[in-house]
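K.L.:
Here it is: the structure, laid out below.
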Amino acid sequence: MNFLRGVMGGQSAGPQHTEAETIQKLCDRVASSTLLDDRRNAVRALKSLSKKYRLEVGIQAMEHLIHVLQTDRSDSEIIGYALDTLYNIISNDEEEEVDDVEEENSTRQSEDLGSQFTEIFIKQQENVTLLLSLLEEFDFHVRWPGVKLLTSLLKQLGPQVQQIILVSPMGVSRLMDLLADSREVIRNDGVLLLQALTRSNGAIQKIVAFENAFERLLDIITEEGNSDGGIVVEDCLILLQNLLKNNNSNQNFFKEGSYIQSMKPWFEVGDENSGWSAQKVTNLHLMLQLIRVLVSPTNPPGATSSCQKAMFQCGLLQQLCTILMATGVPADILTETINTVSEVIRGYQVNQDYFASVNAPSNPPRPAIVVLLMSMVNERQPFVLRCAVLYCFQCFLYKNQKGQGEIVSTLLPSTIDATGNSVSAGQLLCGGLFSTDSLSNWCAAVALAHALQENATQKEQLLRVQLATSIGNPPVSLLQQCTNILSQGDKIDRRGSKIQTRVGLLMLLCTWLSNCPIAVTHFLHNSANVPFLTGQIAENLGEEEQLVQGLCALLLGITIYFNDNSLESYMKEKLKQLIEKRIGKENFIEKLGFISKHELYSRASQKPQPNFPSPEYMIFDHEFTKLVKELEGVITKAIYKSSEEDKKEEEVKKTLEQHDSIVTHYKNMIREQDLQLEELKQQISTLKCQNEQLQTAVTQQASQIQQHKDQYNLLKVQLGKDNPHQGSYNDGAQMNGIQPEEIGRLQEEIEELKSNQELLQSQLAEKDSLIENLRSTQTSPGTNEQSSVTASARDSEQIAELKQELVTLKSQLNSQSLEITKLQTEKQELLQKTEAFVKSVPVPGESEAGMATETTDVEGRLSALLQETKELKNEIKALSEERTAIKEQLNSSNSTIAILQNERNKLQVDITDSKKEQDDLLVLLADQDQKILALTNKLKELGHPVEEEDELESGDQDDEDEENEDDGKDQDDI
């Protein structure tokens with residue numbers, strides 16, 4: 001190192017010239033020696049000199065060492081020496097003890113040397129590829145120095161080396177094999193190598209993850225004892241963070257691979273005070289950070305919620321809550337656990353509900369939320385812990401209207417515990433809001449504001465909260481008490497920042513009054529509030545008070561923008577005039593802009609977590625910055641708008657509301673109609689299916705009937721060929737197969753069907769005559785009015801449709817009547833056969849014994865015929881059901897015809913009314929014509945001239961001629 005400082009500082013090397021010559025000779029021996037032993041000894045000597053004379057060895061020997069790696073791969077010893085020498089040249093490890101100033105200078109110089117030698121080495125990409133191929137060697141003396149050398153290259157120039165490894169074939173896969181090495185030294189250094197390889201490179205992170213890295217790393221952590229393991233566990237956790245942080249693909253792969261379930265044993269720390277080593281604290285800290293990587297608010301919402309769901313289902317959230325409520329946990333682990341639980345439950349309703357049900361192991365048991373809030377408002381607790389509790393409470397209420405309602409309900413009069421045995425969350429928040437610690441004031445105000453975030457119902461409910469300020473005095477509302485404390489300002493002695501309390505209360509009031517006109521009205525009811533705000537804004541105060549002025553301007557702007565003009569003394573226009581007179585519009589807008597220009601505003605707007613280095617920096621809340629961004633522009637516009645524009649806007653709002661109500665009404669109607677249409681479509685589809693099923697059943701029955709008929713004919717032919725005694729037995733079997741009662745019943749059913757058919761035919765004839773009458777009446781000459789023509793056209797179309805339906809019904813009836821006649825003929829044939837059997841006499845004795853077997857066959861066939869008759873009965877029943885359906889259709893057609901007749905009668909009445917009106921108008925016109933004639937005659941008599949157009953309009957042409965003659969006579973007389 002002394003030689004290095006001499007060379008880099010420009011001082012004379014002096015005695016070191018002999019070492020430089022030695023290095024040169026060793027390099028010559030490596031390059032020129034033909035014996036392997038000579039080269040090996042020379043490389044070993046260079047290795048021993050490489051730490052002390054790093055610069056000379058790097059300049060002179062690097063090229064020769066790379067050549068050794070290329071040519072002498074068969075000898076593992078010389079390869080190991082060469083790799084160690086290159087590692088010493090490139091690595092920046094410092095071993096000598098020097099004072100602080102020299103150490104700083106030497107560290108900077110060594111870093112420069114390391115990056116320069118790394119750049120020389122990777123200039124030829126083949127060198128890195130050669131190094132990757134050497135890592136496939138199993139020999140310890142080759143593999144271990146190769147791992148260390150590649151790790152050092154990645155530390156020096158990571159992005160360039162990553163790109164070379166990425167494009168080399170199977171480069172990443174070769175490095176993944178290091179995790180499976182049975183030698184712990186190589187495996188552990190392989191983890192360090194992968195740490196450097198995966199840093200800030202998404203493509204390599206994905207390749208490593210899909211090379212089964214998660215499973216191997218989790219196995220190593222389990223083998224090493226989870227959180228009780230050594231530094232290897234720490235390295236594995238850092239590598240897991242590299243793979244998962246800001247990499248949505250790997251996070252999804254980690255979740256779908258069920259690796260979240262493998263994290264649960266990490267947090268089984270128990271309640272025993274067995275001692276927490278520094279390594280265990282570090283391991284648990286990294287494990288908690290790994291969970292936060294998976295559920296970070298910056299991740300896509302879908303990915304975060306799926307990980308939150310998996311953590312609840314596998315019991316990981318329950319395990320974290322156990323640590324949260326355990327005793328003997330170090331403060332930094334407890335703080336990080338609170339932050340982790342916060343993000344596991346943030347915005348996920350199931351986890352939020354579970355967290356609300358967690359109780360601390362106390363007597364009596366208290367909810368975990370209450371225990372945490374007690375720590376938040378306790379000024380003796382560490383600042384970092386109080387920030388973590390506030391973040392946990394914010395995450396519990398984030399998009400959780402149920403939780404917001406539960407918190408606000410603990411402040412309402414009906415739910416407060418009168419016995420005073422238990423302290424509620426709302427009471428703790430009120431206690432913190434009005435304490436003498438400014439940090440407690442700020443935290444309680446922000447926490448209460450989150451209970452009102454985007455929840456108009458709870459904003460109105462909180463107006464009901466009454467506080468007993470002192471004995472004998474009436475209770476004061478929470479809103480009034482907040483404004484009272486705000487107006488007192490610095491009169492009350494508080495510990496901490498001067499403006500922190502006022503900023504917290506102003507943020508609470510702005511959140512409370514925004515989007516809540518009722519709260520604005522309550523605020524304006526107190527006549528002292530508006531003068532206080534205008535006085536604060538109008539004063540010229542120092543830089544520290546500018547933020548308070550800006551928040552006062554924001555609060556006053558909210559009372560204008562969300563004002564419903566229910567108070568005459570504080571209507572929108574009057575408040576604007578007050579601002580213009582006392583403050584000035586430009587000055588007001590300038591004061592309003594102080595908020596977003598504050599140096600801590602942008603810091604708070606970046607992340608939801610309240611992470612402040614010290615209490616003085618705790619000024620803005622993340623959600624409040626969103627509210628400011630949303631309201632700043634609209635308040636500026638509202639201040640510059642005139643009263644006429646406000647009225648126009650209100651009118652536009654009213655018309656829009658009316659339009660929206662009409663649109664919603666029609667939307668509801670359309671939804672109902674859509675539902676009805678869907679139901680009708682379903683009914684039609686079911687009817688079609690039933691119709692198809694019935695048609696298939698009818699065709700199957702027809703084919704079966706035809707088959708039975710064919711079998712019956714075959715039986716008749718076969719029986720005709722046998723002797724006459726067989727025929728007598730055949731008839732006897734038929735008589736035994738079909739009972740006379742069943743035949744009579746069938747005849748009665750056939751008669752009923754006949755009568756029903758005649759009735760239906762008569763009804764159809766009546767309907768035909770009715771339709772013909774309607775058509776004749778409609779074709780008769782009527783008026784020429786347009787309404788009658790259109791009505792008759794509609795009636796004719798509907799009647800045509802009804803006729804078409806009747807024609808189809810007739811065709812169905814005809815087809816069914818044909819089937820009935822066929823069945824009747826078959827029944828007649830059966831009856832004739834039974835009668836023939838009664839008249840015939842059976843032959844005794846001799847032939848009976850010979851034909852016993854044949855009669856059994858005939859009986860079987862006749863039993864089949866009996867089955868056929870039963871099926872025919874079923875078919876007759878189906879036909880009767882179809883008759884009833886046809887009757888229903890006829891009834892519906894009757895109703896439609898009646899409706900059409902009523903409409904036609906109405907149209908005729910309308911036509912007669914219009915005729916009467918026309919007649920009345922004609923009479924009136926005639927009267928007017930007479931009056932006009934009389935008036936023109938009078939005018940003429942008086943000597944006034946009358947124009948020709950008036951004469952033409954006054955009467956008919958004949959009357960005009962007579963008037964012209966009279967005019968001529970008058971002129972002659974004159």
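Labels used: A, B, ... for chains in the order of the structure tokens, numbers from 1 for residues in each chain, and numbers from 1 for ligands as shown.
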Would you please give, as a PyMOL selection string, all residues of segment 478-662 of chain A that DSSP assigns to alpha helix (DSSP H) based on the backbone?

P.N.:
chain A and resi 478-488+500-513+517-525+529-538+543-561+572-582+585-592+594-597+599-606+622-640+643-662

K.L.:
Find the residues around Asn41 of chain A up to 10 Å (only C-alpha atoms counted), leave out those fewer than 6 positions away in its own chain, and share them as a PyMOL selection string.

P.N.:
chain A and resi 26+29-30+47+78+81

K.L.:
Got time to write the residues from that selection, all heavy atoms, as a compact mmCIF listing (two decimals), in the first residue's frame?

P.N.:
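See again.txt below for the written result:
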```txt
# COMPACT_ATOMS: atom_id res chain seq x y z
N LEU A 26 8.71 -12.08 -13.21
CA LEU A 26 7.68 -13.12 -13.01
C LEU A 26 6.71 -13.15 -14.19
O LEU A 26 6.29 -14.23 -14.64
CB LEU A 26 6.92 -12.87 -11.71
CG LEU A 26 7.71 -13.05 -10.40
CD1 LEU A 26 6.89 -12.61 -9.20
CD2 LEU A 26 8.11 -14.51 -10.24
N ARG A 29 8.37 -14.91 -16.99
CA ARG A 29 8.41 -16.36 -16.79
C ARG A 29 7.06 -16.99 -17.09
O ARG A 29 6.98 -18.06 -17.67
CB ARG A 29 8.82 -16.64 -15.35
CG ARG A 29 9.14 -18.12 -15.11
CD ARG A 29 9.45 -18.39 -13.66
NE ARG A 29 10.60 -17.60 -13.20
CZ ARG A 29 11.03 -17.59 -11.94
NH1 ARG A 29 10.36 -18.30 -11.02
NH2 ARG A 29 12.08 -16.88 -11.59
N VAL A 30 5.97 -16.31 -16.69
CA VAL A 30 4.63 -16.84 -16.99
C VAL A 30 4.41 -16.90 -18.49
O VAL A 30 3.81 -17.85 -19.03
CB VAL A 30 3.55 -15.97 -16.32
CG1 VAL A 30 2.15 -16.39 -16.78
CG2 VAL A 30 3.65 -16.06 -14.82
N LYS A 47 0.69 -13.76 -7.03
CA LYS A 47 -0.43 -13.71 -6.07
C LYS A 47 0.03 -13.11 -4.74
O LYS A 47 -0.66 -12.26 -4.15
CB LYS A 47 -1.00 -15.10 -5.86
CG LYS A 47 -2.07 -15.16 -4.77
CD LYS A 47 -2.42 -16.59 -4.42
CE LYS A 47 -3.30 -16.63 -3.16
NZ LYS A 47 -3.57 -18.00 -2.72
N ILE A 78 -2.90 -23.87 -10.87
CA ILE A 78 -2.47 -22.60 -11.48
C ILE A 78 -3.67 -21.72 -11.80
O ILE A 78 -3.61 -20.48 -11.69
CB ILE A 78 -1.61 -22.88 -12.74
CG1 ILE A 78 -0.95 -21.57 -13.21
CG2 ILE A 78 -2.45 -23.48 -13.86
CD1 ILE A 78 0.04 -21.78 -14.34
N TYR A 81 -4.55 -20.00 -8.56
CA TYR A 81 -3.64 -18.89 -8.28
C TYR A 81 -3.95 -17.67 -9.15
O TYR A 81 -3.93 -16.52 -8.67
CB TYR A 81 -2.19 -19.32 -8.50
CG TYR A 81 -1.69 -20.35 -7.50
CD1 TYR A 81 -0.75 -21.31 -7.88
CD2 TYR A 81 -2.17 -20.35 -6.19
CE1 TYR A 81 -0.29 -22.25 -6.97
CE2 TYR A 81 -1.71 -21.29 -5.28
CZ TYR A 81 -0.77 -22.24 -5.66
OH TYR A 81 -0.33 -23.17 -4.75
```

K.L.:
Applying 12 Å and only C-alpha atoms, which residues near Glu137 of chain A remain after dropping the ones on its own chain fewer than 3 positions away? List them as a ChimeraX atom specification.

P.N.:
/A:73-76,79-80,130-134,140-147,174-175,177-178,181

K.L.:
From the set A:Gln401, A:Thr912, A:Thr636, A:Thr85, which residue has the shortest atom-to-atom contact distance to Ile589 of chain A, counting only C-alpha atoms?

P.N.:
A:Thr636

K.L.:
Work out how far atom CA of Ser296 of chain A is from atom CA of Ala388 of chain A, in Å to one decimal.

P.N.:
15.0 Å

K.L.:
Using only C-alpha atoms, can you tell me which of A:Ile122, A:Ala310, A:Ala638, A:Leu547 comes closest to Glu573 of chain A?

P.N.:
A:Ala638

K.L.:
Considering only C-alpha atoms, can you say which of A:Leu463, A:Ala456, A:Ile471, A:Ala447 comes closest to Leu508 of chain A?

P.N.:
A:Ala447
